[in-house]
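Undergrad: Attaching a single structure in structure tokens format; questions to follow.
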Amino acid sequence: VQRASAKGEYVKTVVIYSGGMDSFTLLNQCLQQGEQVHAISFNYGQRHANKELATATKYAASIKLPHQVVDLAAIKPLLRGSALTDNVDVPQGHYEESNMRLTVVPNRNMIMLSLAIAYAVSADAEVVKFGAHAGDHAIYPDCREKFVFLMHQAARCANYHPVSVVAPFIDDTKFEILALGFSLGLDYSNTWTCYEGKDVACGKCGSCQERLEAFSQHGKPDPLPYATRELIKKT
Ligand SMILES: [Zn+2]
């Protein structure tokens with residue numbers, strides 16, 4: 001039996017919340033649909049953990065959202081070779097470029113979803129949502145529709161309590177996610193995107209570039225401080 005709230009499809013939802021703009025938008029969409037949201041964030045030793053998790057924690061507290069921050073720092077030795085978790089420089093420029101493969105973290109979404117599914121079972125939530133979007137497909141295999149579907153199947157197979165796994169933005173671009181956020185009246189100064197994790201966003205990493213491009217396409221200023229806001233031309 002599918003339980004449903006007045007507006008949304010689900011009553012209780014676990015959202016994987018990184019502190020970035022996609023999961024921030026998703027979280028707020030769920031709340032505005034009347035869902036009871038439980039947010040979960042992960043420290044997996046990513047170099048921008050401090051900045052990202054501080055932003056997520058601060059925002060969750062400001063709206064009194066149940067929020068779990070899971071410390072996975074101990075698994076960092078298992079996540080070698082990625083610019084986000086290992087001693088590898090963060091590549092600059094566009095996501096489509098092959099050097100962005102350096103930002104792939106081994107099995108990241110399967111690890112995070114697996115724990116979020118456990119949280120959903122124990123919190124009696126019907127669904128786990130995460131913010132994978134169309135711009136991720138080229139670089140990150142664990143942000144593709146097939147992976148989401150298989151994790152959904154695995155979650156239902158692995159537990160007595162049925163939990164769905166969905167990625168509502170899977171077909172959306174960053175531009176479209178931002179359009180949704182603006183229509184929901186969201187303030188993106190409550191988010192953090194840069195992979196470098198310094199006090200000011202670098203403006204040059206793939207993550208910054210993608211974000212700056214989306215704001216620029218909307219003709220709106222990004223409220224975050226940046227070292228540079230220049231868009232790098234695609235090569
Ligand atoms: Zn950056």
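As shown in the structure tokens, the chain order sets the letters A, B, ...; within each chain, residues go from 1, and ligands are also counted from 1 in the order they appear.
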Enumerate residues in contact with ligand 1: an atom-to-atom distance of at most 6 Å, counting only C-alpha atoms and all ligand atoms. Format the result as a VMD selection string.

TA: chain A and resid 194 to 196 201 to 205 207 to 208

Undergrad: Write the selection just made, keeping N, CA and C atoms, as a short mmCIF file (atom, residue, chain, number, x, y, z; two decimals), in the first residue's frame?

TA:
data_model
loop_
_atom_site.label_atom_id
_atom_site.label_comp_id
_atom_site.auth_asym_id
_atom_site.auth_seq_id
_atom_site.Cartn_x
_atom_site.Cartn_y
_atom_site.Cartn_z
N CYS A 194 32.08 24.05 -4.35
CA CYS A 194 33.49 23.91 -4.78
C CYS A 194 34.16 22.68 -4.18
N TYR A 195 34.90 21.96 -5.04
CA TYR A 195 35.61 20.76 -4.62
C TYR A 195 36.87 21.07 -3.80
N GLU A 196 37.37 22.29 -3.91
CA GLU A 196 38.64 22.60 -3.25
C GLU A 196 38.49 22.76 -1.73
N ALA A 201 35.07 29.98 -2.87
CA ALA A 201 35.00 29.00 -3.96
C ALA A 201 36.04 29.32 -5.02
N CYS A 202 36.69 28.30 -5.58
CA CYS A 202 37.83 28.54 -6.50
C CYS A 202 37.37 29.12 -7.83
N GLY A 203 36.17 28.72 -8.28
CA GLY A 203 35.66 29.20 -9.56
C GLY A 203 36.18 28.43 -10.76
N LYS A 204 37.17 27.55 -10.55
CA LYS A 204 37.83 26.89 -11.68
C LYS A 204 37.57 25.39 -11.77
N CYS A 205 37.20 24.75 -10.67
CA CYS A 205 36.99 23.30 -10.72
C CYS A 205 35.69 23.02 -11.50
N SER A 207 33.06 21.58 -10.74
CA SER A 207 31.87 21.82 -9.94
C SER A 207 31.51 23.31 -9.90
N CYS A 208 32.52 24.15 -9.67
CA CYS A 208 32.31 25.61 -9.68
C CYS A 208 31.87 26.09 -11.06
#

Undergrad: For stretch 72-76 of chain A, find every residue with an atom within 7 Å (counting only C-alpha atoms), except residues of its own chain fewer than 2 positions away, and show them as a compact mmCIF listing (two decimals) with all heavy atoms, in the first residue's frame.

TA:
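Generated output (part_2.txt):
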# COMPACT_ATOMS: atom_id res chain seq x y z
N PHE A 42 27.47 12.68 4.48
CA PHE A 42 28.60 11.77 4.70
C PHE A 42 29.93 12.49 4.63
O PHE A 42 30.17 13.28 3.72
CB PHE A 42 28.60 10.67 3.62
CG PHE A 42 27.38 9.80 3.67
CD1 PHE A 42 26.29 10.07 2.85
CD2 PHE A 42 27.32 8.74 4.55
CE1 PHE A 42 25.15 9.27 2.90
CE2 PHE A 42 26.19 7.94 4.62
CZ PHE A 42 25.10 8.21 3.79
N ASN A 43 30.76 12.16 5.61
CA ASN A 43 32.16 12.56 5.52
C ASN A 43 32.94 11.32 5.09
O ASN A 43 33.12 10.39 5.87
CB ASN A 43 32.64 13.06 6.89
CG ASN A 43 34.11 13.41 6.87
OD1 ASN A 43 34.77 13.32 5.82
ND2 ASN A 43 34.65 13.79 8.00
N TYR A 44 33.36 11.29 3.82
CA TYR A 44 34.14 10.14 3.34
C TYR A 44 35.58 10.57 3.07
O TYR A 44 36.29 9.95 2.29
CB TYR A 44 33.49 9.51 2.10
CG TYR A 44 33.15 10.48 1.00
CD1 TYR A 44 34.06 10.79 -0.01
CD2 TYR A 44 31.90 11.11 0.97
CE1 TYR A 44 33.74 11.68 -1.01
CE2 TYR A 44 31.58 12.02 -0.03
CZ TYR A 44 32.51 12.29 -1.02
OH TYR A 44 32.20 13.19 -2.01
N GLY A 45 35.97 11.65 3.76
CA GLY A 45 37.34 12.11 3.61
C GLY A 45 37.53 13.00 2.40
O GLY A 45 38.66 13.28 2.00
N VAL A 70 27.24 11.23 8.90
CA VAL A 70 27.89 9.95 9.12
C VAL A 70 29.38 10.08 8.81
O VAL A 70 29.76 10.52 7.71
CB VAL A 70 27.27 8.86 8.21
CG1 VAL A 70 27.91 7.51 8.47
CG2 VAL A 70 25.76 8.80 8.44
N LEU A 78 40.39 3.28 1.35
CA LEU A 78 39.79 2.43 0.32
C LEU A 78 39.43 3.22 -0.93
O LEU A 78 39.00 2.66 -1.93
CB LEU A 78 38.51 1.76 0.86
CG LEU A 78 38.59 1.04 2.20
CD1 LEU A 78 37.25 0.41 2.54
CD2 LEU A 78 39.67 -0.03 2.16
N LEU A 79 39.52 4.56 -0.84
CA LEU A 79 39.04 5.42 -1.92
C LEU A 79 40.20 6.12 -2.61
O LEU A 79 40.22 7.32 -2.76
CB LEU A 79 38.03 6.45 -1.37
CG LEU A 79 36.87 5.86 -0.56
CD1 LEU A 79 35.97 6.98 -0.03
CD2 LEU A 79 36.04 4.89 -1.39
N THR A 85 39.47 12.54 -2.78
CA THR A 85 39.81 11.83 -1.55
C THR A 85 41.28 11.45 -1.44
O THR A 85 41.71 10.96 -0.41
CB THR A 85 38.98 10.53 -1.44
OG1 THR A 85 39.07 9.82 -2.68
CG2 THR A 85 37.52 10.82 -1.15

Undergrad: As JSON, numbers by chain, please: every residue in stretch 45-203 of chain A that DSSP puts in alpha helix (DSSP H).

TA: {"A": [49, 50, 51, 52, 53, 54, 55, 56, 57, 58, 59, 60, 61, 62, 108, 109, 110, 111, 112, 113, 114, 115, 116, 117, 118, 119, 120, 121, 122, 145, 146, 147, 148, 149, 150, 151, 152, 153, 154, 155, 156, 157, 158, 174, 175, 176, 177, 178, 179, 180, 181, 182, 183]}

Undergrad: Interatomic distance between atom CA of A:Ile232 and atom CA of A:Ala167?

TA: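 Those two atoms sit 29.0 Å apart.
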
Undergrad: Select, from A:Phe24, A:Tyr10, A:Tyr160, A:Tyr226, the residue with the minimum atom-to-atom distance to A:Ile117, counting only C-alpha atoms.

TA: A:Tyr160

Undergrad: Under the rule that only C-alpha atoms are counted, which of A:Asn159, A:Ser216, A:Ser18, A:Thr103 is the nearest residue to A:Lys51?

TA: A:Ser18

Undergrad: Please determine, counting only C-alpha atoms, which residue among A:Asn190, A:Gln217, A:Gln32, A:Asn99 has the shortest atom-to-atom distance to A:Ala60.

TA: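 Using only C-alpha atoms, A:Ala60 sits closest to A:Asn190.
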
Undergrad: A:Asn28, A:Ser41, A:Thr191, A:Thr228: which is nearest A:Met112, counting only C-alpha atoms?

TA: A:Ser41

Undergrad: Restricting the calculation to only C-alpha atoms, which member of A:Leu115, A:Leu150, A:Ile170, A:Val104 is positioned closest to A:Val14?

TA: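 That would be A:Leu115, the residue with the smallest distance to A:Val14.
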